[in-house]
file query-v1.txt (compact mmCIF, C-alpha atoms)
# COMPACT_ATOMS: atom_id res chain seq x y z
CA MET I 26 -18.04 -183.50 100.91
CA ARG I 27 -18.61 -182.03 104.35
CA ARG I 28 -16.43 -179.03 103.56
CA PHE I 29 -18.34 -178.44 100.36
CA ARG I 30 -21.68 -178.48 102.24
CA ALA I 31 -20.36 -176.18 104.97
CA GLY I 32 -18.98 -173.82 102.32
CA LEU I 33 -22.26 -173.89 100.39
CA ILE I 34 -24.28 -173.18 103.55
CA ALA I 35 -21.95 -170.30 104.43
CA VAL I 36 -22.33 -168.81 100.94
CA VAL I 37 -26.13 -169.13 101.10
CA VAL I 38 -26.27 -167.53 104.58
CA VAL I 39 -24.06 -164.63 103.47
CA ALA I 40 -26.18 -164.12 100.34
CA VAL I 41 -29.44 -164.15 102.34
CA LEU I 42 -28.02 -161.67 104.86
CA ALA I 43 -26.77 -159.41 102.07
CA VAL I 44 -30.14 -159.42 100.28
CA GLY I 45 -31.94 -158.83 103.59
CA GLY I 46 -29.60 -155.96 104.43
CA VAL I 47 -30.21 -154.31 101.07
CA MET I 48 -34.00 -154.66 101.49
CA VAL I 49 -33.91 -153.19 105.02
CA PHE I 50 -31.74 -150.30 103.78
CA ARG I 51 -34.19 -149.56 100.94
CA VAL I 52 -37.19 -149.57 103.30
CA LEU I 53 -35.43 -147.28 105.78
CA ASP I 54 -34.25 -144.97 103.00
CA GLU I 55 -37.80 -144.68 101.62
CA ARG I 56 -39.03 -143.65 105.09
CA ARG I 57 -36.66 -140.69 104.93
CA ASP I 58 -38.48 -139.34 101.89
CA PRO I 59 -40.86 -136.45 102.58
CA VAL I 60 -44.56 -137.22 102.48
CA ALA I 61 -45.98 -136.47 99.05
CA LEU I 62 -48.48 -133.63 99.23
CA PRO I 63 -51.73 -133.66 97.32
CA PRO I 64 -52.26 -130.98 94.68
CA GLY I 65 -53.80 -127.85 96.16
CA VAL I 66 -57.53 -127.49 95.59
CA VAL I 67 -58.93 -124.14 94.51
CA VAL I 68 -61.84 -122.84 96.63
CA ASP I 69 -64.02 -119.72 96.40
CA TYR I 70 -62.14 -117.61 98.98
CA ALA I 71 -59.36 -117.63 101.59
CA THR I 72 -60.34 -117.83 105.25
CA CYS I 73 -58.44 -117.86 108.51
CA VAL I 74 -61.41 -118.79 110.72
CA ALA I 75 -62.41 -122.18 109.32
CA PRO I 76 -61.95 -124.99 111.87
CA GLU I 77 -59.25 -126.72 109.77
CA VAL I 78 -57.22 -123.52 109.49
CA LEU I 79 -57.55 -122.72 113.19
CA ALA I 80 -56.46 -126.26 114.11
CA ALA I 81 -53.37 -125.87 111.92
CA ALA I 82 -52.48 -122.31 112.94
CA ILE I 83 -53.08 -122.24 116.71
CA PRO I 84 -51.47 -124.60 119.27
CA ALA I 85 -54.59 -124.86 121.46
CA ARG I 86 -58.15 -125.64 120.41
CA VAL I 87 -60.26 -122.53 119.90
CA GLN I 88 -63.88 -121.82 119.04
CA SER I 89 -64.37 -120.96 115.39
CA PRO I 90 -66.32 -117.73 114.86
CA GLY I 91 -67.22 -118.77 111.33
CA PRO I 92 -70.39 -120.66 110.45
CA LEU I 93 -69.98 -124.40 109.98
CA SER I 94 -69.44 -125.29 106.35
CA ASP I 95 -68.15 -128.14 104.27
CA PRO I 96 -64.64 -129.20 105.30
CA LEU I 97 -61.80 -127.49 103.46
CA PRO I 98 -59.46 -129.54 101.31
CA PRO I 99 -56.03 -130.13 102.87
CA ALA I 100 -53.09 -127.87 102.16
CA GLY I 101 -51.24 -128.99 99.06
CA THR I 102 -48.91 -128.01 96.29
CA VAL I 103 -49.37 -124.98 94.04
CA PRO I 104 -51.54 -126.01 91.06
CA ASP I 105 -49.72 -125.55 87.75
CA ASN I 106 -52.43 -123.39 86.18
CA PHE I 107 -53.03 -121.17 89.23
CA GLU I 108 -51.77 -117.57 88.94
CA PRO I 109 -51.78 -115.86 92.34
CA ALA I 110 -52.05 -112.11 92.72
CA SER I 111 -51.73 -112.02 96.52
CA VAL I 112 -51.19 -114.13 99.62
CA VAL I 113 -53.29 -114.42 102.77
CA VAL I 114 -51.28 -115.46 105.84
CA CYS I 115 -53.04 -116.79 108.96
CA GLN I 116 -50.59 -116.59 111.85
CA PHE I 117 -50.88 -117.27 115.58
CA LEU I 118 -49.49 -114.32 117.55
CA GLU I 119 -50.03 -115.01 121.26
CA TYR I 120 -52.46 -115.81 124.03
CA THR I 121 -54.12 -113.01 125.97
CA ASP I 122 -52.73 -112.27 129.44
CA ASP I 123 -55.51 -114.21 131.14
CA LEU I 124 -55.01 -117.15 128.72
CA SER I 125 -58.69 -117.12 127.76
CA GLU I 126 -58.16 -116.23 124.09
CA ALA I 127 -55.73 -116.87 121.26
CA VAL I 128 -54.78 -113.96 119.01
CA LEU I 129 -54.58 -114.68 115.28
CA SER I 130 -53.63 -112.29 112.50
CA GLN I 131 -54.96 -112.50 108.95
CA THR I 132 -52.66 -110.52 106.67
CA THR I 133 -53.01 -109.94 102.95
CA ARG I 134 -49.63 -109.53 101.24
CA THR I 135 -48.92 -108.47 97.66
CA GLY I 136 -45.94 -108.09 95.38
CA ASP I 137 -44.04 -110.11 92.79
CA MET I 138 -45.37 -113.65 93.19
CA THR I 139 -42.74 -115.31 90.98
CA ASP I 140 -40.31 -116.12 93.80
CA VAL I 141 -43.14 -117.08 96.17
CA VAL I 142 -44.53 -119.64 93.74
CA ALA I 143 -41.05 -120.98 92.93
CA GLN I 144 -40.20 -121.38 96.62
CA LEU I 145 -43.52 -123.04 97.46
CA LYS I 146 -43.04 -125.50 94.59
CA ARG I 147 -39.67 -126.68 95.96
CA GLU I 148 -39.31 -130.26 97.14
CA SER I 149 -39.17 -130.93 100.88
CA LEU I 150 -35.83 -132.29 102.04
CA LYS I 151 -35.18 -135.89 103.07
CA SER I 152 -34.82 -136.67 106.77
CA PRO I 153 -31.23 -137.34 107.85
CA TRP I 154 -30.16 -140.83 108.81
CA PHE I 155 -29.12 -139.76 112.30
CA GLY I 156 -29.75 -136.86 114.62
CA GLU I 157 -32.69 -135.17 116.21
CA CYS I 158 -34.17 -131.76 115.77
CA PRO I 159 -32.18 -129.38 118.00
CA THR I 160 -34.81 -126.62 117.87
CA ALA I 161 -38.23 -128.16 118.27
CA SER I 162 -40.87 -125.44 117.91
CA SER I 163 -44.16 -125.22 119.71
CA VAL I 164 -45.31 -122.36 117.47
CA PRO I 165 -47.25 -123.68 114.49
CA THR I 166 -46.34 -122.80 110.94
CA PRO I 167 -48.57 -120.07 109.47
CA VAL I 168 -51.35 -121.15 107.14
CA VAL I 169 -50.83 -119.65 103.67
CA TRP I 170 -53.40 -119.11 100.94
CA LEU I 171 -52.52 -118.04 97.42
CA VAL I 172 -55.30 -115.86 95.97
CA ASP I 173 -55.80 -115.09 92.28
CA ALA I 174 -57.22 -111.90 90.74
CA THR I 175 -60.81 -113.24 90.93
CA GLY I 176 -60.58 -114.07 94.65
CA ASP I 177 -60.29 -117.84 94.23
CA ALA I 178 -57.78 -119.30 96.67
CA VAL I 179 -55.69 -122.40 97.28
CA ARG I 180 -54.25 -123.39 100.66
CA VAL I 181 -50.62 -124.38 100.17
CA ALA I 182 -48.13 -126.23 102.31
CA PHE I 183 -44.58 -125.02 102.88
CA PRO I 184 -41.79 -127.32 101.73
CA VAL I 185 -39.95 -128.42 104.88
CA ASP I 186 -36.41 -129.15 105.98
CA GLY I 187 -35.36 -132.71 106.67
CA THR I 188 -34.40 -132.51 110.34
CA CYS I 189 -37.10 -130.52 112.13
CA ARG I 190 -39.82 -130.56 109.43
CA LEU I 191 -39.98 -126.75 109.69
CA PRO I 192 -40.68 -124.58 106.62
CA LEU I 193 -37.66 -124.01 104.41
CA PRO I 194 -36.42 -120.53 105.39
CA GLU I 195 -36.33 -119.33 101.77
CA ALA I 196 -39.99 -120.24 101.24
CA TYR I 197 -41.07 -118.61 104.50
CA GLU I 198 -39.07 -115.45 103.74
CA ALA I 199 -40.45 -115.22 100.19
CA VAL I 200 -43.99 -115.08 101.62
CA MET I 201 -43.20 -112.78 104.54
CA ASN I 202 -41.15 -110.35 102.37
CA LEU I 203 -44.24 -109.44 100.36
CA VAL I 204 -45.79 -106.08 101.25
CA ALA I 205 -48.53 -106.24 103.91
CA GLN I 206 -51.67 -104.56 102.56
CA ASP I 207 -54.33 -105.40 105.10
CA GLU I 208 -54.37 -107.01 108.52
CA GLN I 209 -57.24 -108.25 110.64
CA ILE I 210 -56.81 -109.45 114.21
CA TYR I 211 -59.04 -112.18 115.67
CA ARG I 212 -59.36 -112.91 119.38
CA LEU I 213 -60.63 -116.47 119.58
CA PRO I 214 -61.92 -117.97 122.85
CA LEU I 215 -60.17 -121.18 123.83
CA ALA I 216 -62.38 -124.26 123.58
CA LEU I 217 -63.30 -125.82 126.88
call {"tool": "encode", "arguments": {"input": "query-v1.txt", "output": "structure tokens"}}
result
Amino acid sequence: MRRFRAGLIAVVVVAVLAVGGVMVFRVLDERRDPVALPPGVVVDYATCVAPEVLAAAIPARVQSPGPLSDPLPPAGTVPDNFEPASVVVCQFLEYTDDLSEAVLSQTTRTGDMTDVVAQLKRESLKSPWFGECPTASSVPTPVVWLVDATGDAVRVAFPVDGTCRLPLPEAYEAVMNLVAQDEQIYRLPLAL
């Protein structure tokens, strides 16, 4: 009888550990999944000087030259019914020599938008089980707006790789390979 009880207890302990191990594995595996992005929200125009865009595009806090307005919706996925005609890229370039200002470019790019939309609609990759990012970047990812023929715009997020959470190279290249049509440079005073 004692052997039977000991055997039964051993079987129960092994079963509990196995079920617990499977549950822990599932929780950890779900954490590797990329964060689901909200659908992109269409607004009246693209801007590179709104506080939310500046916070995303420039490593340091800067003073926004634009008038205060309602907060912008977060960057999201490309809406299914949105047909872009161009892209506006807001990209941090450098700090001035005296470190009093950040330099930001606002570039309008045009061309065949098919590959751009396809690349921006890609899924972000899962994080690996082990390993750290070997090339951590202190330069923020550019902010990208898709703009349709009427001037309406949607701020989109790049799909990212699993290890460093950097934009997938193909998506970044698809945007940057478009032809630059217009560029404005902003010198923005650093916030005190």
call {"tool": "closest_atom_pairs", "arguments": {"input": "query-v1.txt", "of": "range 48-141 of chain I", "to": "range 201-211 of chain I", "cutoff": "6 Å", "atoms": "all atoms listed in the file", "output": "Markdown table"}}
result
| residue | atom | partner | partner_atom | distance |
| --- | --- | --- | --- | --- |
| I:Val128 | CA | I:Tyr211 | CA | 5.7 |
| I:Leu129 | CA | I:Tyr211 | CA | 5.1 |
| I:Ser130 | CA | I:Ile210 | CA | 4.6 |
| I:Gln131 | CA | I:Gln209 | CA | 5.1 |
| I:Thr132 | CA | I:Glu208 | CA | 4.3 |
| I:Thr133 | CA | I:Asp207 | CA | 5.2 |
| I:Arg134 | CA | I:Ala205 | CA | 4.4 |
| I:Thr135 | CA | I:Val204 | CA | 5.3 |
| I:Gly136 | CA | I:Leu203 | CA | 5.4 |
call {"tool": "closest_residue", "arguments": {"input": "query-v1.txt", "among": "I:Pro98, I:Pro167, I:Gly176, I:Pro192", "to": "Asp69 in chain I", "atoms": "all atoms listed in the file"}}
result
I:Gly176
call {"tool": "residues_around", "arguments": {"input": "query-v1.txt", "residues": "Leu171 in chain I", "least_positions_apart": "5", "cutoff": "10 Å", "atoms": "all atoms listed in the file", "output": "ChimeraX atom specification"}}
result
/I:65,67,70-71,103,107-114,133-134,138,141-142,176-181,200
call {"tool": "atom_distance", "arguments": {"input": "query-v1.txt", "atom1": "CA of Ser149 in chain I", "atom2": "CA of Val78 in chain I"}}
result
21.3 Å
call {"tool": "residues_near_point", "arguments": {"input": "query-v1.txt", "point": "(-58.9, -118.7, 111.4)", "cutoff": "10 Å", "atoms": "only C-alpha atoms", "output": "ChimeraX atom specification"}}
result
/I:71-83,87-91,114-117,128-131,168,210-213
call {"tool": "closest_residue", "arguments": {"input": "query-v1.txt", "among": "I:Leu118, I:Val169, I:Ala199, I:Leu97", "to": "Thr139 in chain I", "atoms": "only C-alpha atoms"}}
result
I:Ala199
call {"tool": "closest_residue", "arguments": {"input": "query-v1.txt", "among": "I:Leu191, I:Tyr120, I:Glu148, I:Pro96", "to": "Pro165 in chain I", "atoms": "all atoms listed in the file"}}
result
I:Leu191
call {"tool": "closest_residue", "arguments": {"input": "query-v1.txt", "among": "I:Pro63, I:Pro214, I:Pro104, I:Pro184", "to": "Gln144 in chain I", "atoms": "all atoms listed in the file"}}
result
I:Pro184
call {"tool": "closest_residue", "arguments": {"input": "query-v1.txt", "among": "I:Ala100, I:Ala216, I:Ala143, I:Asp173", "to": "Glu195 in chain I", "atoms": "only C-alpha atoms"}}
result
I:Ala143
call {"tool": "closest_residue", "arguments": {"input": "query-v1.txt", "among": "I:Cys189, I:Ala182, I:Leu215, I:Ala196", "to": "Thr121 in chain I", "atoms": "all atoms listed in the file"}}
result
I:Leu215
call {"tool": "atom_distance", "arguments": {"input": "query-v1.txt", "atom1": "CA of Val185 in chain I", "atom2": "CA of Lys146 in chain I"}}
result
11.1 Å
call {"tool": "atom_distance", "arguments": {"input": "query-v1.txt", "atom1": "CA of Leu193 in chain I", "atom2": "CA of Val172 in chain I"}}
result
21.2 Å
call {"tool": "axis_aligned_box", "arguments": {"input": "query-v1.txt", "around": "range 173-190 of chain I", "padding_each_side": "5 Å", "output": "lines of an AutoDock Vina configuration file"}}
result
center_x = -47.6
center_y = -122.3
center_z = 101.4
size_x = 36.4
size_y = 30.8
size_z = 31.4
